[in-house]
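To start, the structure under review is shown below, and the notes come after it.
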Amino acid sequence: MSEMRDQNSASSGLRAEQLTLTFVTSRTTTFAVREVSLGIGGREFAGIVGPSGSGKTSLMYLLSGLRSATSGAVFLNDWEYSAASPTERLDARRRLFGFVFQQPFLVPYLHVLENVLVPIENAKPDDIARAMALLDSLGIADLAHKFPNECSGGERVRASMARGLVHRPQYLFVDEPTASLDGATGNKVMEVLRSQREHGSLIVVTHDLDILVQADVVFRMRDGHLIEAARPVFEAI
Amino acid sequence: MTNSSPPASPISAPAVLPPLSPLTYYRRNIWRTLPVGGAIAISVFLISSIVTLLNSVDDSILVNYGFLRRFSALSTQYERNVSSRVLAKVKSTAHVKSVIVSVPYFVTIKTVFGQMPVPIYGLEPKAAREIAALSGNRLVEGRWPSENEPEIVMTRTWANNKKARLGGIVEVSHERLPTLKGKQKLVGILEGGDNIAITDRAYVLLELPEAVVRSSYLFLPKNPTELRALNADVNRVLKSPKHNNLKPEETNYVQLYTFEKLVKELRDNLGFLYKFLAVADGLVIGAVALLSGFLANIYFEQRLAEFGLLSAFGFRRERLARRLMIESGSLVIAGWIVGLLLTALVFRLLDHFYMTPNGLVLADIDSSAILYTLPTPIIVGVASLGTVLIRLYTLDPIEIMERR
């Protein structure tokens with residue numbers, strides 16, 4: 001059983017208790033995540049690391065409610081989020097969470113700026129200004145009026161990051177943010193992502209330990225187990 | 001929440017469209033949506049055109065025989081004349097105001113379904129004026145036919161149909177029906193009422209081949225609203241000769257030509273065509289619905305990631321379904337309206353530039369045509385949405401996001 005808590009987040013923030021996710025076929029039962037307990041405090045930068053197939057992305061899906069756990073619970077500021085109705089979970093996800101997926105899917109018929117504004121139902125001038133500011137800080141403001149097929153893979157990743165940040169989510173989940181970026185751009189992107197801490201938590205799933213330099217806590221996964229939770233990062237890993 | 005970095009961008013924002021608005025999708029995907037909307041519009045155009053053409057068949061007959069709403073005609077097929085006993089009996093029925101004796105002959109006029117015979121009544125001068133007035137017409141050009149002269153007056157529509165000009169000859173050389181031996185001159189144009197053509201009775205008796213000369217007795221009601229009752233009285237006499245002290249052989253070949261009978265025969269004859277139309281309508285709708293269903297699925301497949309993403313972001317399925325319904329619904333309704341407008345426009349132009357100048361009757365697009373097209377948008381909408389909504393409600397956003 002893995003049970004590791006960050007003491008700062010016992011009652012606020014995001015908390016997982018005994019989370020387990022299994023995939024059952026007629027012959028086998030595979031544990032993607034096995035009895036993981038952890039806590040991420042408000043405005044913390046948390047990293048989830050581990051080798052491929054260790055369950056880190058699955059853990060992110062469970063924490064964010066994108067997937068329901070086979071057993072265990074997720075608490076959001078002491079509210080048992082995982083036990084809420086699907087509608088409540090959807091509403092909370094929309095209001096409180098932001099996502100940057102590994103594949104930076106952008107809606108092909110929308111401009112980059114319009115793509116960034118997708119999480120906001122009725123964008124106001126302030127939202128548009130913020131979206132533009134995010135694109136500017138990510139170095140792609142000049143692509144605002146371009147369509148995704150006119151952008152490179154790295155530019156699309158950055159646009160998807162702006163989209164994840166634009167509605168100031170309380171929790172931003174980011175999956176492998178620098179995988180398709182060069183070192184300099186990766187650093188720049190991480191700087192912008194870290195700005196998320198000004199209004200919420202940042203949860204980054206990655207192979208790249210370098211980008212977790214300033215993380216408050218790093219959770220290490222292996223074979224579905226949480227084997228280590230450590231801070232500061234460099235002492236733990 | 002604090003207003004955090006990054007600071008406002010110095011770069012001005014380009015104009016943005018609401019990302020999740022159906023209109024945004026259409027504006028940016030016009031070449032994808034046009035074929036679906038176009039297919040719906042064309043099928044609606046085809047269906048409403050066929051119905052309107054069928055209605056034109058109906059209208060052609062009712063308009064060209066509209067004079068039978070003013071009087072009914074009693075005639076016989078194999079005997080030269082209706083017997084005087086029968087005539088006396090029907091004349092004595094309650095609603096008969098007067099009986100005008102005519103000698104008709106037939107010419108054909110062009111219609112949307114081909115040539116159609118219409119009668120030209122040979123009447124005495126006084127009766128000619130009475131029948132013209134009764135059918136709502138007045139002489140607007142020329143004069144009435146002179147006695148014993150090969151002269152004719154007719155409504156402008158029939159004159160146009162026969163391509164006859166005032167003072168010119170009414171061409172009958174192509175007629176298949178037994179007609180006058182000599183040519184007739186158009187001396188007057190009637191306007192304002194039902195189509196009718198009148199010539200001089202004495203001339204018809206003189207010039208019509210003897211074998212086809214028949215008297216037709218035009219029964220005028222005391223009041224226009226009594227024509228139906230008059231017809232019922234006359235038919236009662238014809239159907240029950242014994243009760244009226246008549247011999248069956250006297251009434252066997254006597255017929256009363258009425259507007260109601262015409263309408264009934266027309267509806268019976270067109271009934272099959274309307275049934276055929278319903279089957280054709282069903283096939284067209286089925287094909288278009290199938291096509292639309294396939295296309296909707298292809299589009300949805302192409303947009304699966306978009307909906308998966310929105311679902312992952314926390315947009316409710318109901319919200320996404322509503323968007324799809326608005327998108328599909330507005331496209332289907334737009335296609336339907338365009339199809340109907342196209343039909344109305346094409347038929348209006350056809351009527352203005354070809355049919356009316358040639359004295360042909362073309363129906364307007366009406367509620368029956370619209371009714372026949374209504375299943376198209378409904379079935380297409382249900383077929384497209386049904387298949388897509390099932391997929392929307394079963395999609396797993398993670399599976400979709402990880403697939404790409």
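Residue numbers start at 1 in each chain; chains themselves are named A, B, ... in the order of the structure tokens; ligands are numbered from 1 in the order shown.
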Problem set entry | Contacts of stretch 193-209 of chain B within 6 Å, only C-alpha atoms, excl. fewer than 5 positions in-chain, as a PyMOL selection string | chain B and resi 64+66-67+120-124+135-137+147-148+152-155+180-181
For this session: Could you give me, as a list in words, the residues within 7 Å of B:Tyr217, counting only C-alpha atoms and dropping anything in the same chain fewer than 5 positions from it?
Result: Ala73, Leu74, Ser75, Val99, Ile100, Val101 and Ser102 of chain B
Using only N, CA, C and O atoms, please write the residues we just selected to a file, as a tab-separated table (two decimals), in the first residue's frame.
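The resulting file, out.tsv, is reproduced below:
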chain	number	residue	atom	x	y	z
B	73	ALA	N	-74.32	20.96	-67.57
B	73	ALA	CA	-74.68	20.67	-68.96
B	73	ALA	C	-75.26	19.26	-69.07
B	73	ALA	O	-74.65	18.29	-68.62
B	74	LEU	N	-76.44	19.17	-69.63
B	74	LEU	CA	-77.08	17.88	-69.84
B	74	LEU	C	-76.93	17.51	-71.31
B	74	LEU	O	-77.28	18.30	-72.20
B	75	SER	N	-76.40	16.31	-71.53
B	75	SER	CA	-76.17	15.92	-72.92
B	75	SER	C	-76.32	14.41	-73.05
B	75	SER	O	-76.44	13.70	-72.05
B	99	VAL	N	-83.13	27.05	-69.04
B	99	VAL	CA	-82.30	26.09	-69.78
B	99	VAL	C	-81.92	26.73	-71.11
B	99	VAL	O	-82.79	27.26	-71.82
B	100	ILE	N	-80.63	26.72	-71.40
B	100	ILE	CA	-80.16	27.27	-72.67
B	100	ILE	C	-79.72	26.12	-73.55
B	100	ILE	O	-78.96	25.24	-73.11
B	101	VAL	N	-80.20	26.12	-74.77
B	101	VAL	CA	-79.83	25.04	-75.69
B	101	VAL	C	-78.58	25.46	-76.45
B	101	VAL	O	-78.53	26.53	-77.05
B	102	SER	N	-77.55	24.59	-76.38
B	102	SER	CA	-76.32	24.89	-77.12
B	102	SER	C	-75.96	23.70	-77.98
B	102	SER	O	-76.41	22.58	-77.73
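Note that atom CA of A:Tyr171 and atom CA of A:Glu191 are 16.5 Å apart.
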For this session: Fewer than 5 positions away in the same chain doesn't count, so skip those; otherwise give me all residues within 6 Å of stretch 228-240 of chain B, counting only C-alpha atoms, as a VMD selection string.
Result: chain B and resid 90 95 251
For the selection you just gave me, I'd like the residues written to a file as a compact mmCIF listing (two decimals), in the first residue's frame, keeping C-alpha atoms.
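And here is the file that came out, result-v1.txt:
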# COMPACT_ATOMS: atom_id res chain seq x y z
CA VAL B 90 -85.68 17.89 -65.43
CA HIS B 95 -83.96 24.86 -58.67
CA THR B 251 -82.16 8.17 -69.57
Problem set entry | Option closest in space to chain A, from B:Ile42, B:Arg322, B:Ser84, B:Thr24 [counting only C-alpha atoms] |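 Ranking B:Ile42, B:Arg322, B:Ser84, B:Thr24 by distance to chain A, first place goes to B:Thr24.
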For this session: Just list the residues in stretch 85-158 of chain A DSSP gives strand (DSSP E) on the backbone, as an MDAnalysis selection string.
Result: chainID A and resid 97:100
Problem set entry | Non-local contacts of B:Val284 (10 Å; only C-alpha atoms; under 5 positions in same chain excluded) as number ranges by chain | B: 43-44, 46-47, 278-279, 289-290, 376
Exercise. From the list A:Met221, A:Ala69, A:Leu138, A:Val205, which residue is nearest chain B when using only C-alpha atoms?
Worked result: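 Comparing A:Met221, A:Ala69, A:Leu138, A:Val205 against chain B, the winner is A:Leu138.
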Problem set entry | Shell around B:Thr76 at 12 Å using only C-alpha atoms, local window under 4 positions removed, as a PyMOL selection string | chain B and resi 80-83+86-87+103-104+212-217+238+249-257
For stretch 173-187 of chain A, work out the shell of residues within 7 Å, counting only C-alpha atoms and skipping chain neighbours fewer than 6 positions away, then give it as a PDB file with C-alpha atoms, in the first residue's frame.
ATOM      1  CA  GLY A  98      -7.397  23.297 -16.564  1.00  0.00           C
ATOM      2  CA  PHE A  99      -5.774  20.724 -18.817  1.00  0.00           C
ATOM      3  CA  VAL A 100      -2.787  20.565 -21.095  1.00  0.00           C
ATOM      4  CA  PHE A 101      -2.779  17.150 -22.697  1.00  0.00           C
ATOM      5  CA  GLN A 102       0.256  15.499 -24.190  1.00  0.00           C
ATOM      6  CA  GLY A 154       5.746  23.161 -30.659  1.00  0.00           C
ATOM      7  CA  LEU A 202       0.101  23.112 -10.916  1.00  0.00           C
ATOM      8  CA  ILE A 203       0.310  19.351 -11.396  1.00  0.00           C
ATOM      9  CA  VAL A 204       2.833  18.270 -14.021  1.00  0.00           C
ATOM     10  CA  VAL A 205       3.255  14.716 -15.261  1.00  0.00           C
ATOM     11  CA  THR A 206       6.658  14.244 -16.864  1.00  0.00           C
TER      12      THR A 206
END
Residue neighbourhood A:Tyr109, 8 Å, only C-alpha atoms, exclusion window fewer than 2 positions, as an mmCIF file with N, CA and C atoms, in the first residue's frame:
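Ended up saving to around.cif:
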data_model
loop_
_atom_site.group_PDB
_atom_site.id
_atom_site.type_symbol
_atom_site.label_atom_id
_atom_site.label_comp_id
_atom_site.auth_asym_id
_atom_site.auth_seq_id
_atom_site.Cartn_x
_atom_site.Cartn_y
_atom_site.Cartn_z
ATOM 1 N N VAL A 107 -8.782 22.878 -32.056
ATOM 2 C CA VAL A 107 -9.913 22.739 -32.984
ATOM 3 C C VAL A 107 -9.475 23.309 -34.337
ATOM 4 N N HIS A 111 -9.128 29.876 -35.085
ATOM 5 C CA HIS A 111 -7.815 30.515 -34.966
ATOM 6 C C HIS A 111 -7.179 30.108 -33.641
ATOM 7 N N PHE A 147 -4.474 29.541 -38.260
ATOM 8 C CA PHE A 147 -5.155 28.284 -37.976
ATOM 9 C C PHE A 147 -4.118 27.249 -37.513
ATOM 10 N N PRO A 148 -4.550 26.236 -36.750
ATOM 11 C CA PRO A 148 -3.601 25.245 -36.232
ATOM 12 C C PRO A 148 -2.721 24.608 -37.308
ATOM 13 N N TYR B 25 -18.806 27.554 -36.757
ATOM 14 C CA TYR B 25 -18.511 26.309 -37.478
ATOM 15 C C TYR B 25 -18.891 26.448 -38.955
ATOM 16 N N ARG B 28 -16.613 28.806 -40.993
ATOM 17 C CA ARG B 28 -15.277 28.278 -41.265
ATOM 18 C C ARG B 28 -15.312 26.965 -42.045
ATOM 19 N N ASN B 29 -16.499 26.381 -42.186
ATOM 20 C CA ASN B 29 -16.582 25.072 -42.869
ATOM 21 C C ASN B 29 -17.645 25.089 -43.956
#
Exercise. Which is closest to chain B among A:Phe23, A:Phe105, A:Tyr81, A:Phe75, if we use only C-alpha atoms?
Worked result: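 With only C-alpha atoms as the atom set, the closest residue is A:Phe105.
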Exercise. Looking only at the backbone, which of the residues in stretch 78-115 of chain A does DSSP tag as helix (DSSP H, G or I), as a count of residues only?
Worked result: 18
Seminar exercise, completed: chain A proximity check over B:Arg138, B:Arg319, B:Lys91, B:Lys162, using only C-alpha atoms: winner is B:Arg319
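Atom CA of B:Ser60 sits 23.0 Å away from atom CA of B:Ala280.
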For this session: Would you mind telling me which residue in B:Ser72, B:Ser384, B:Asn297, B:Ser311 lies nearest to B:Phe219 when using only C-alpha atoms?
Result: B:Ser72
For this session: Could you check which of B:Ala334, B:Ala369, B:Leu134, B:Leu20 is closest to chain A, using only C-alpha atoms?
Result: B:Leu20
